[in-house]
Every structure is written in C-alpha cells, then in structure tokens.
file input28.txt (compact mmCIF, C-alpha atoms and all ligand atoms)
# COMPACT_ATOMS: atom_id res chain seq x y z
CA MET V 1 34.22 48.28 13.93
CA ASN V 2 34.63 49.55 10.38
CA THR V 3 32.09 49.63 7.60
CA GLN V 4 32.73 46.17 6.22
CA LYS V 5 30.39 43.21 6.67
CA ILE V 6 29.56 42.09 10.19
CA ILE V 7 29.30 38.40 10.97
CA PHE V 8 27.49 37.05 14.02
CA SER V 9 26.97 33.50 15.21
CA GLY V 10 26.71 31.45 18.37
CA VAL V 11 26.47 28.01 19.88
CA GLN V 12 24.63 26.90 23.01
CA PRO V 13 26.82 25.82 25.92
CA THR V 14 24.94 22.57 26.37
CA GLY V 15 25.62 18.89 25.72
CA ASN V 16 28.51 17.65 23.67
CA LEU V 17 29.69 19.85 20.85
CA HIS V 18 30.18 17.51 17.95
CA LEU V 19 31.53 17.21 14.43
CA GLY V 20 28.22 18.57 13.06
CA ASN V 21 28.67 21.80 15.04
CA TYR V 22 32.23 22.10 13.85
CA LEU V 23 31.77 21.17 10.19
CA GLY V 24 28.38 22.89 9.77
CA ALA V 25 29.03 26.09 11.68
CA ILE V 26 32.34 26.81 13.42
CA LYS V 27 34.55 25.79 10.48
CA GLN V 28 33.03 28.53 8.36
CA TRP V 29 33.55 31.08 11.13
CA VAL V 30 37.26 30.38 10.97
CA ASN V 31 37.36 31.26 7.27
CA LEU V 32 35.09 34.28 7.57
CA GLN V 33 37.22 35.91 10.26
CA LYS V 34 40.04 36.26 7.73
CA VAL V 35 37.95 38.77 5.81
CA TYR V 36 35.21 40.21 8.04
CA ASP V 37 34.49 41.63 11.48
CA CYS V 38 33.23 38.64 13.38
CA ILE V 39 31.32 38.32 16.64
CA PHE V 40 30.94 34.89 18.24
CA CYS V 41 28.65 34.46 21.18
CA VAL V 42 28.25 31.74 23.79
CA VAL V 43 24.47 31.81 24.10
CA ASP V 44 23.91 31.00 27.76
CA TYR V 45 20.45 32.62 27.87
CA HIS V 46 19.42 30.16 25.16
CA ALA V 47 20.82 27.29 27.21
CA ILE V 48 18.50 27.99 30.16
CA THR V 49 15.39 27.44 28.03
CA VAL V 50 15.74 23.89 29.32
CA ARG V 51 16.80 23.09 32.90
CA GLN V 52 20.57 23.23 33.45
CA ASN V 53 22.71 22.29 36.40
CA PRO V 54 24.29 25.61 37.51
CA ASP V 55 27.82 24.27 38.09
CA GLN V 56 27.75 22.38 34.85
CA LEU V 57 26.47 25.42 32.95
CA ARG V 58 29.25 27.61 34.33
CA ARG V 59 31.77 24.99 33.22
CA GLN V 60 30.23 24.57 29.77
CA VAL V 61 30.15 28.29 29.02
CA LEU V 62 33.93 28.42 29.46
CA ASP V 63 34.46 25.14 27.63
CA THR V 64 32.39 26.30 24.65
CA ALA V 65 34.57 29.39 24.29
CA LYS V 66 37.65 27.16 24.52
CA ILE V 67 36.24 25.09 21.68
CA TYR V 68 35.88 28.25 19.55
CA LEU V 69 39.52 29.04 20.27
CA ALA V 70 40.77 25.52 19.60
CA CYS V 71 38.83 25.44 16.30
CA GLY V 72 40.87 28.46 15.23
CA ILE V 73 38.89 31.54 16.22
CA ASN V 74 41.52 34.17 16.80
CA PRO V 75 40.55 36.37 19.76
CA LYS V 76 42.77 39.16 18.44
CA LYS V 77 40.70 39.37 15.25
CA SER V 78 37.24 38.27 16.34
CA LEU V 79 35.17 39.16 19.38
CA ILE V 80 34.01 36.34 21.62
CA PHE V 81 31.50 37.09 24.37
CA ARG V 82 28.98 35.60 26.78
CA GLN V 83 25.40 36.52 25.88
CA SER V 84 24.25 37.20 29.44
CA ASP V 85 27.04 39.79 29.90
CA ILE V 86 25.09 42.16 27.65
CA ASN V 87 21.59 42.63 29.04
CA GLU V 88 20.40 44.32 25.84
CA HIS V 89 19.90 40.82 24.38
CA ALA V 90 17.04 40.15 26.77
CA GLU V 91 15.75 43.71 26.43
CA LEU V 92 15.58 43.65 22.64
CA ALA V 93 14.04 40.17 22.70
CA TRP V 94 11.21 41.53 24.85
CA ILE V 95 10.67 44.43 22.48
CA LEU V 96 10.64 42.14 19.43
CA ASN V 97 8.16 39.90 21.24
CA CYS V 98 5.82 42.86 21.33
CA THR V 99 6.55 44.52 18.01
CA GLY V 100 6.77 41.76 15.44
CA ALA V 101 6.78 38.21 16.74
CA ARG V 102 3.50 36.39 16.23
CA MET V 103 2.29 33.30 18.03
CA SER V 104 1.71 31.66 14.66
CA ASP V 105 5.36 32.26 13.60
CA LEU V 106 6.69 30.58 16.69
CA GLU V 107 4.22 27.72 16.64
CA ASN V 108 5.64 26.81 13.23
CA MET V 109 9.26 26.50 14.33
CA THR V 110 10.41 22.92 13.76
CA GLN V 111 13.14 23.11 16.41
CA TYR V 112 10.53 24.06 19.01
CA LYS V 113 8.22 21.27 17.88
CA ASP V 114 11.09 18.76 18.08
CA LYS V 115 12.28 19.93 21.49
CA ALA V 116 8.99 20.61 23.22
CA GLY V 117 6.84 18.03 21.47
CA LYS V 118 3.60 17.76 23.40
CA ASP V 119 5.24 18.59 26.73
CA ALA V 120 2.87 21.03 28.45
CA ASN V 121 5.64 21.83 30.93
CA ALA V 122 8.05 23.10 28.24
CA SER V 123 9.17 26.61 29.20
CA VAL V 124 7.84 29.77 27.58
CA GLY V 125 11.51 30.55 26.96
CA LEU V 126 11.85 27.50 24.74
CA PHE V 127 8.91 28.74 22.69
CA ASP V 128 10.37 32.25 22.51
CA TYR V 129 13.93 31.09 21.80
CA PRO V 130 13.95 32.23 18.13
CA VAL V 131 13.06 35.80 19.14
CA LEU V 132 16.05 35.94 21.48
CA MET V 133 18.17 34.65 18.61
CA ALA V 134 16.79 37.43 16.39
CA ALA V 135 17.73 39.97 19.08
CA ASP V 136 21.28 38.56 19.22
CA ILE V 137 21.70 39.09 15.51
CA LEU V 138 19.90 42.42 15.11
CA LEU V 139 21.66 44.18 18.00
CA TYR V 140 24.91 44.36 16.06
CA GLN V 141 23.60 45.28 12.58
CA THR V 142 24.77 41.87 11.39
CA ASN V 143 25.06 41.20 7.66
CA LEU V 144 25.85 37.48 7.62
CA VAL V 145 24.99 34.63 9.98
CA PRO V 146 27.02 31.44 9.41
CA VAL V 147 25.06 28.50 10.82
CA GLY V 148 24.02 24.94 10.00
CA HIS V 149 20.92 24.12 8.00
CA ASP V 150 18.69 23.62 11.06
CA GLN V 151 18.88 27.36 11.81
CA VAL V 152 17.59 28.59 8.45
CA GLN V 153 14.02 28.86 9.70
CA HIS V 154 15.15 30.97 12.66
CA LEU V 155 17.01 33.26 10.29
CA GLU V 156 13.91 33.73 8.17
CA LEU V 157 12.04 34.79 11.29
CA THR V 158 14.87 37.19 12.20
CA ARG V 159 14.61 38.81 8.78
CA ASP V 160 10.83 39.09 9.11
CA LEU V 161 11.07 40.69 12.56
CA ALA V 162 13.64 43.21 11.31
CA LYS V 163 11.58 44.08 8.24
CA ARG V 164 8.38 44.45 10.24
CA PHE V 165 10.03 46.75 12.75
CA ASN V 166 11.68 48.89 10.06
CA HIS V 167 8.38 49.11 8.19
CA ASP V 168 6.17 49.83 11.18
CA PHE V 169 8.38 52.12 13.25
CA GLY V 170 11.20 53.36 11.00
CA GLN V 171 14.57 52.11 9.80
CA VAL V 172 16.73 50.66 12.59
CA PHE V 173 17.83 47.16 11.64
CA THR V 174 20.11 45.73 8.96
CA ILE V 175 18.49 42.71 7.29
CA PRO V 176 20.86 39.75 7.80
CA GLU V 177 21.55 36.91 5.38
CA VAL V 178 22.12 33.28 6.29
CA GLN V 179 25.41 31.67 5.27
CA LEU V 180 25.55 27.88 4.86
CA GLN V 181 28.42 25.57 3.98
CA LYS V 182 28.10 24.20 0.45
CA THR V 183 28.63 20.72 1.86
CA GLY V 184 28.32 19.97 5.56
CA ALA V 185 25.42 22.25 6.47
CA ARG V 186 23.61 19.15 7.67
CA ILE V 187 25.83 16.40 9.05
CA MET V 188 23.72 13.35 9.75
CA GLY V 189 23.69 10.97 12.72
CA LEU V 190 26.09 8.02 12.53
CA ASP V 191 23.42 5.70 13.90
CA ASP V 192 20.65 7.08 11.68
CA PRO V 193 21.62 8.97 8.53
CA THR V 194 18.06 10.23 8.03
CA LYS V 195 18.32 12.51 11.09
CA LYS V 196 20.86 15.26 11.82
CA MET V 197 23.75 14.63 14.16
CA SER V 198 22.52 16.08 17.44
CA LYS V 199 23.91 16.96 20.88
CA SER V 200 20.76 15.75 22.50
CA ALA V 201 20.64 12.40 20.67
CA ALA V 202 19.60 9.49 22.87
CA SER V 203 22.65 7.42 21.95
CA PRO V 204 26.30 8.60 21.95
CA ALA V 205 26.71 6.43 18.83
CA ASN V 206 24.84 9.23 17.01
CA PHE V 207 27.65 11.76 17.20
CA ILE V 208 31.37 12.26 17.45
CA ALA V 209 31.91 14.75 20.23
CA LEU V 210 34.88 17.07 19.84
CA THR V 211 35.99 15.78 23.22
CA ASP V 212 35.58 12.06 22.42
CA GLU V 213 38.73 10.04 22.97
CA PRO V 214 40.22 9.39 19.51
CA GLU V 215 39.92 5.65 20.12
CA VAL V 216 36.22 5.97 20.98
CA ALA V 217 35.65 8.05 17.85
CA ARG V 218 37.45 5.47 15.76
CA LYS V 219 35.07 2.79 17.00
CA LYS V 220 32.06 4.99 16.36
CA ILE V 221 33.11 5.39 12.71
CA MET V 222 33.74 1.65 12.32
CA ARG V 223 30.28 0.95 13.75
CA ALA V 224 28.47 3.70 11.85
CA VAL V 225 25.41 2.54 9.95
CA THR V 226 26.04 1.95 6.23
CA ASP V 227 23.71 1.64 3.26
CA SER V 228 22.78 -1.52 1.41
CA GLY V 229 25.31 -2.53 -1.24
CA ALA V 230 29.04 -2.19 -0.77
CA GLU V 231 30.16 0.57 -3.06
CA VAL V 232 31.46 3.94 -1.93
CA ILE V 233 29.16 6.26 -3.89
CA TYR V 234 28.08 9.84 -3.18
CA ASP V 235 24.32 10.11 -3.49
CA PRO V 236 22.59 11.56 -0.42
CA GLU V 237 19.17 10.48 -1.72
CA THR V 238 19.81 6.76 -2.14
CA LYS V 239 23.00 6.32 -0.07
CA PRO V 240 22.56 8.71 2.87
CA ALA V 241 24.93 6.90 5.23
CA ILE V 242 27.97 6.60 3.01
CA SER V 243 27.36 10.08 1.55
CA ASN V 244 27.43 11.50 5.08
CA LEU V 245 30.69 9.70 5.84
CA LEU V 246 32.14 10.96 2.55
CA THR V 247 31.15 14.50 3.50
CA ILE V 248 32.90 14.19 6.87
CA TYR V 249 35.97 12.70 5.20
CA HIS V 250 36.05 15.49 2.61
CA LEU V 251 35.68 18.30 5.14
CA LEU V 252 38.29 16.96 7.54
CA SER V 253 40.89 16.00 4.93
CA GLY V 254 40.30 18.68 2.28
CA ILE V 255 40.21 15.96 -0.40
CA ASP V 256 37.24 16.44 -2.70
CA ILE V 257 34.46 13.92 -2.77
CA LYS V 258 35.03 12.85 -6.38
CA THR V 259 38.65 11.99 -5.64
CA LEU V 260 37.60 10.01 -2.57
CA VAL V 261 34.99 8.05 -4.53
CA LYS V 262 37.62 7.17 -7.14
CA LYS V 263 40.11 6.16 -4.47
CA TYR V 264 37.72 3.63 -2.93
CA GLN V 265 36.28 2.29 -6.17
CA GLY V 266 35.90 -1.48 -5.88
CA ARG V 267 37.29 -1.54 -2.33
CA GLY V 268 34.12 -1.66 -0.23
CA TYR V 269 33.10 0.02 3.01
CA GLY V 270 35.67 -1.63 5.30
CA ASP V 271 38.76 0.04 3.86
CA PHE V 272 36.97 3.32 3.54
CA LYS V 273 35.83 3.36 7.15
CA LYS V 274 39.25 2.37 8.44
CA ASP V 275 40.84 5.34 6.68
CA LEU V 276 38.10 7.73 7.74
CA ALA V 277 38.45 6.51 11.34
CA GLU V 278 42.13 7.43 11.10
CA VAL V 279 41.37 10.90 9.70
CA VAL V 280 38.85 11.55 12.49
CA ALA V 281 41.20 10.26 15.21
CA GLU V 282 44.02 12.47 13.91
CA PHE V 283 41.75 15.49 13.79
CA LEU V 284 40.60 14.92 17.38
CA THR V 285 44.10 14.32 18.70
CA ASP V 286 45.27 17.58 17.21
CA PHE V 287 42.14 19.48 18.27
CA GLN V 288 42.26 18.23 21.87
CA ALA V 289 45.92 19.19 22.20
CA LYS V 290 44.94 22.74 21.24
CA LEU V 291 41.98 22.71 23.62
CA GLU V 292 44.27 22.11 26.58
CA ARG V 293 46.21 25.29 25.95
CA PHE V 294 43.45 27.64 27.09
CA SER V 295 42.80 28.48 30.73
CA ASP V 296 39.56 29.64 32.36
CA GLU V 297 41.24 32.95 33.26
CA GLU V 298 42.15 33.56 29.66
CA VAL V 299 38.60 32.90 28.54
CA GLU V 300 37.21 35.29 31.17
CA LYS V 301 39.55 37.99 29.86
CA ILE V 302 38.43 37.35 26.28
CA PHE V 303 34.77 37.53 27.39
CA ALA V 304 35.41 40.81 29.20
CA ARG V 305 37.10 42.31 26.17
CA GLY V 306 34.26 41.18 23.92
CA ALA V 307 31.58 42.62 26.19
CA LYS V 308 33.43 45.92 26.55
CA LYS V 309 33.62 46.42 22.78
CA LEU V 310 30.11 45.18 22.04
CA LYS V 311 28.08 46.74 24.84
CA PRO V 312 28.15 50.26 23.31
CA ILE V 313 26.92 48.90 19.96
CA ALA V 314 24.09 46.98 21.62
CA LYS V 315 23.19 50.03 23.70
CA GLU V 316 23.05 52.23 20.64
CA THR V 317 20.69 49.85 18.82
CA VAL V 318 18.38 49.60 21.81
CA LYS V 319 18.41 53.38 22.17
CA ASN V 320 17.35 53.77 18.52
CA VAL V 321 14.64 51.17 18.96
CA LYS V 322 13.31 52.84 22.11
CA GLU V 323 13.23 56.24 20.43
CA LYS V 324 11.17 54.85 17.56
CA LEU V 325 8.72 53.29 20.00
CA GLY V 326 8.29 56.37 22.15
CA LEU V 327 10.08 54.81 25.11
CA LEU V 328 12.67 57.58 25.07
P1 LIG V 401 23.52 24.01 18.54
O1 LIG V 401 24.19 22.73 18.87
O2 LIG V 401 22.05 23.82 18.32
O3 LIG V 401 23.84 25.14 19.48
O4 LIG V 401 24.09 24.42 17.14
C1 LIG V 401 25.26 25.18 16.94
C2 LIG V 401 25.55 25.34 15.47
O5 LIG V 401 25.85 24.08 14.87
C3 LIG V 401 24.36 25.90 14.65
O6 LIG V 401 24.86 26.77 13.66
C4 LIG V 401 23.77 24.67 14.04
O7 LIG V 401 23.08 24.95 12.84
C5 LIG V 401 25.00 23.84 13.78
N1 LIG V 401 24.69 22.40 13.73
C6 LIG V 401 24.13 21.68 14.74
N2 LIG V 401 23.97 20.39 14.35
C7 LIG V 401 24.44 20.32 13.09
C8 LIG V 401 24.55 19.25 12.14
N3 LIG V 401 24.16 18.02 12.44
N4 LIG V 401 25.08 19.53 10.92
C9 LIG V 401 25.49 20.77 10.62
N5 LIG V 401 25.41 21.82 11.46
C10 LIG V 401 24.89 21.60 12.68
N1 LIG V 402 19.91 28.93 17.94
C1 LIG V 402 21.26 28.61 17.61
C2 LIG V 402 21.45 27.08 17.69
O1 LIG V 402 20.77 26.41 18.38
C3 LIG V 402 22.25 29.30 18.50
C4 LIG V 402 22.14 30.77 18.38
C5 LIG V 402 21.59 31.63 19.30
C6 LIG V 402 22.59 31.56 17.30
N2 LIG V 402 21.70 32.92 18.85
C7 LIG V 402 22.28 32.91 17.63
C8 LIG V 402 23.18 31.28 16.08
C9 LIG V 402 22.56 33.96 16.76
C10 LIG V 402 23.45 32.33 15.20
C11 LIG V 402 23.15 33.65 15.54
O2 LIG V 402 22.32 26.59 17.08

call {"tool": "encode", "arguments": {"input": "input28.txt", "output": "structure tokens"}}
result
Amino acid sequence: MNTQKIIFSGVQPTGNLHLGNYLGAIKQWVNLQKVYDCIFCVVDYHAITVRQNPDQLRRQVLDTAKIYLACGINPKKSLIFRQSDINEHAELAWILNCTGARMSDLENMTQYKDKAGKDANASVGLFDYPVLMAADILLYQTNLVPVGHDQVQHLELTRDLAKRFNHDFGQVFTIPEVQLQKTGARIMGLDDPTKKMSKSAASPANFIALTDEPEVARKKIMRAVTDSGAEVIYDPETKPAISNLLTIYHLLSGIDIKTLVKKYQGRGYGDFKKDLAEVVAEFLTDFQAKLERFSDEEVEKIFARGAKKLKPIAKETVKNVKEKLGLL
C-alpha cells in the first residue's frame, strides 16, 4: 500500500443483493478503484448476527464476491477478502467495545431498532454490529468509506470510537469519512417509495435483485407503485415513486434526470416505465452474463490473496492498540 487514500467498504452475504446495493454502494467502489487503494470485504461475521443456514452462508459468501467482480471490481487493482479470514476484526471489535462504545450509542442505532424491534431474543451480536463495522474500517487506517445513506449513522459512531481512543490512549487511528453518491444513496422500495429498497423486505416486489430474471425485473418495474397524477416529474418530496424510478433510470443509463424528464414530457407513466423496464432488463442480462464467468476456485484465490496482503496491516494496528492499552 502506498501513501494515497485508502478506501474500505463491505456488503453482508445475506439475502438478495439488489439494485439499491449496486447503485448506492458498489457502483461508487468501481469508480474509486481507478484512483485509490481499495479494500472490499465480504462481511460474514456481520451476517451471523442473525441465524444463517451454514450451507447457504458458505454459498452466499462466494456469490457476494462474484457480484463485486461482475459489477466491475478489478481484483488486480483492489483487494477483496472474507472478514472472518482475519481474526483481528473480532479482536479489535472487542477492544472497541471496552474502550469507547457506550450502551447509549448502540441503543440509538436505527438499523438495530429496525432489525431487532422489541425482540428480546435478538442476539447481542446484532446490538454490537456497528462496533464490528468500526473495527473493519479502523484496522486499515481507512480514509473513505463508500456506502449507502443507511450506513451514515454507523460511520459517525466509527469516527467517535476512533477519536475517543486516540484521545484517551494516544494516536492510533485515522478518522474516516463517509462517501455517498450524489444521487442514489437511498434507492427506495418499488412497492413503497417511502421506505428504502431492502434485502429483507417482506415482498420481492420491493426490490430488483441482481440475480432476478430480466423478465421478472421487467414486470416488477411495470408494476412499481406510482404517484398520483400522470406526469414524469423529479421531486422526491411530492413524487417519491416516480423520482425513485427516474433515479434508477439515470444511474443505469447515464442520461441525466433533466433530459429524462424532458423526454417523457406529456407522455405519462406507461411509456416511461416500458423504457425503464428495458434499461433494467438490459443491465441485468449483461450483468448476469459477467457473473457466470467467475468460479468458486477463482474467488477462493482472490480471498487468499486479499487476506495475505491485509493480515499484516491488521496485525500492526492491533499491536499498536494493545501497546497503548498495556496489553503488550
Ligand atoms: P447491506 O445490504 O445492508 O449489506 O448493504 C450493503 C450496502 O448497500 C451498504 O453500503 C448500504 O448502505 C447500501 N444500500 C443498501 N440498501 C440501499 C438502498 N436502498 N439504497 C442505497 N444504498 C443501499
Ligand atoms: N454494515 C454494512 C451494511 O449493512 C456492511 C459493513 C460491515 C460495512 N462493515 C463495513 C460497510 C465496513 C462499510 C465498511 O451495509
């Protein structure tokens, strides 16, 4: 690694990765890797905060890495690794639990509140999830973390934990910044444009999975909820549904939103949706063809290479942390 900015991000190997994951997070990774040193993690320790089927988890870890590759992450430029291959993630998370993380911080996390609700059987891991995420980021002296909008609160906690440690025990951690897409940081559900598109949505009509058959995706777009009225206008406040579809159209086609609005002036939702359905189907056809090119063996090799390069960096950070704490 050289002295230029370090980028770190990750996705959980659970559920169906969808257009929101791609447009909000992974798409920006692809651009960032052209300029910076990038590290992309498959966060399997995060996945086990809720019960997983072991065979399915094994499969999804590999499939998630394949999705990174098919989206355009170049394994010759960027490092891709499996979180549980580097045990320092769990070790640093424990240390941060003790040195900076407060119960009150974690009780305020909206993702935890959404996922655990009032479930008294929710795991302690689910509660502690943001601290593990902070450890992921801080181990590698990360400068920038490209994620979707729902992760901003976790990034604020990460910054707080780093600052508290540096203040209380001495300088160890770089303070990371969050990086959001200008448009697309929060892709909304197709069945309910007031809530984000989500892997764990009750209905598959909520999302377009990256592995959806193009024909299925086409139907999902045609059936997507629309706003009252019939005009194609971009205004997320009053027209959340059509604005969300315009955002997806813009990000997949590269055509700016203003141009799209002009194109569909006076033509109504039907024409617009038909064209967007085509754009989405084309994107998926192309994406899925790329996805097929990667084998499990290849992914395992990429993981091994990532872990080999990253382990010494993680070790060094933990060593510095332990020295400051009097553990070494
Ligand atoms: P997750 O599915 O929770 O592992 O999220 C992986 C990445 O996708 C994170 O950076 C999220 O912020 C991002 N993401 C998830 N859902 C959306 C969404 N609906 N819109 C934009 N980004 C999203
Ligand atoms: N919590 C993130 C999510 O649900 C995934 C994640 C884990 C992550 N560790 C990370 C993202 C470190 C960025 C950096 O989407």

call {"tool": "residues_near_ligand", "arguments": {"input": "input28.txt", "ligand": "ligand LIG 402 (chain V)", "cutoff": "6 Å", "atoms": "only C-alpha atoms and all ligand atoms", "output": "mmCIF file with C-alpha atoms, in the frame of the given file"}}
result
data_model
loop_
_atom_site.group_PDB
_atom_site.id
_atom_site.type_symbol
_atom_site.label_atom_id
_atom_site.label_comp_id
_atom_site.auth_asym_id
_atom_site.auth_seq_id
_atom_site.Cartn_x
_atom_site.Cartn_y
_atom_site.Cartn_z
ATOM 1 C CA PHE V 8 27.490 37.050 14.020
ATOM 2 C CA SER V 9 26.970 33.500 15.210
ATOM 3 C CA GLY V 10 26.710 31.450 18.370
ATOM 4 C CA VAL V 11 26.470 28.010 19.880
ATOM 5 C CA GLN V 12 24.630 26.900 23.010
ATOM 6 C CA VAL V 43 24.470 31.810 24.100
ATOM 7 C CA MET V 133 18.170 34.650 18.610
ATOM 8 C CA ASP V 136 21.280 38.560 19.220
ATOM 9 C CA ILE V 137 21.700 39.090 15.510
ATOM 10 C CA VAL V 145 24.990 34.630 9.980
#

call {"tool": "closest_residue", "arguments": {"input": "input28.txt", "among": "V:His149, V:His46, V:Lys220, V:Lys322", "to": "Lys182 of chain V", "atoms": "only C-alpha atoms"}}
result
V:His149

call {"tool": "closest_residue", "arguments": {"input": "input28.txt", "among": "V:Gln179, V:Thr110, V:Asn143, V:Gln151", "to": "ligand LIG 401 (chain V)", "atoms": "all atoms listed in the file"}}
result
V:Gln151

call {"tool": "axis_aligned_box", "arguments": {"input": "input28.txt", "around": "segment 204-209 of chain V", "padding_each_side": "3 Å", "output": "lines of an AutoDock Vina configuration file"}}
result
center_x = 28.4
center_y = 10.6
center_z = 19.5
size_x = 13.1
size_y = 14.3
size_z = 10.9

call {"tool": "residues_near_ligand", "arguments": {"input": "input28.txt", "ligand": "ligand LIG 401 (chain V)", "cutoff": "6 Å", "atoms": "all atoms listed in the file", "output": "CSV table (one decimal) with C-alpha atoms, in the coordinates of the input"}}
result
chain,number,residue,atom,x,y,z
V,11,VAL,CA,26.5,28.0,19.9
V,12,GLN,CA,24.6,26.9,23.0
V,20,GLY,CA,28.2,18.6,13.1
V,21,ASN,CA,28.7,21.8,15.0
V,24,GLY,CA,28.4,22.9,9.8
V,25,ALA,CA,29.0,26.1,11.7
V,147,VAL,CA,25.1,28.5,10.8
V,148,GLY,CA,24.0,24.9,10.0
V,149,HIS,CA,20.9,24.1,8.0
V,150,ASP,CA,18.7,23.6,11.1
V,151,GLN,CA,18.9,27.4,11.8
V,184,GLY,CA,28.3,20.0,5.6
V,185,ALA,CA,25.4,22.2,6.5
V,186,ARG,CA,23.6,19.2,7.7
V,187,ILE,CA,25.8,16.4,9.0
V,188,MET,CA,23.7,13.4,9.8
V,196,LYS,CA,20.9,15.3,11.8
V,197,MET,CA,23.8,14.6,14.2
V,198,SER,CA,22.5,16.1,17.4

call {"tool": "closest_residue", "arguments": {"input": "input28.txt", "among": "V:Ala307, V:Ala281, V:Ala122, V:Ala201", "to": "Ile48 of chain V", "atoms": "all atoms listed in the file"}}
result
V:Ala122

call {"tool": "closest_residue", "arguments": {"input": "input28.txt", "among": "V:Ala289, V:Leu32, V:Cys41, V:Met103", "to": "Tyr140 of chain V", "atoms": "all atoms listed in the file"}}
result
V:Cys41

call {"tool": "residues_around", "arguments": {"input": "input28.txt", "residues": "Gln171 of chain V", "least_positions_apart": "3", "cutoff": "10 Å", "atoms": "all atoms listed in the file", "output": "PyMOL selection string"}}
result
chain V and resi 162-168+174+320-321+324

call {"tool": "residues_around", "arguments": {"input": "input28.txt", "residues": "Lys66 of chain V", "least_positions_apart": "6", "cutoff": "9 Å", "atoms": "all atoms listed in the file", "output": "list in words"}}
result
Leu291, Glu292, Arg293, Phe294, Ser295, Asp296 and Val299 of chain V

call {"tool": "residues_around", "arguments": {"input": "input28.txt", "residues": "segment 249-259 of chain V", "least_positions_apart": "2", "cutoff": "12 Å", "atoms": "only C-alpha atoms", "output": "PyMOL selection string"}}
result
chain V and resi 19-20+22-24+27-28+181-185+187+221+232-235+242-247+261-265+272-284+286-287

call {"tool": "atom_distance", "arguments": {"input": "input28.txt", "atom1": "atom CA of Gln153 of chain V", "atom2": "atom CA of Phe40 of chain V"}}
result
19.9 Å

call {"tool": "atom_distance", "arguments": {"input": "input28.txt", "atom1": "atom CA of Pro75 of chain V", "atom2": "atom CA of Thr285 of chain V"}}
result
22.4 Å

call {"tool": "atom_distance", "arguments": {"input": "input28.txt", "atom1": "atom CA of Thr49 of chain V", "atom2": "atom CA of Asn16 of chain V"}}
result
16.9 Å

call {"tool": "closest_residue", "arguments": {"input": "input28.txt", "among": "V:Leu210, V:Leu180, V:Ala217, V:Leu325", "to": "Tyr68 of chain V", "atoms": "all atoms listed in the file"}}
result
V:Leu210

call {"tool": "closest_residue", "arguments": {"input": "input28.txt", "among": "V:Phe169, V:Cys38, V:Met222, V:His154", "to": "Leu132 of chain V", "atoms": "all atoms listed in the file"}}
result
V:His154
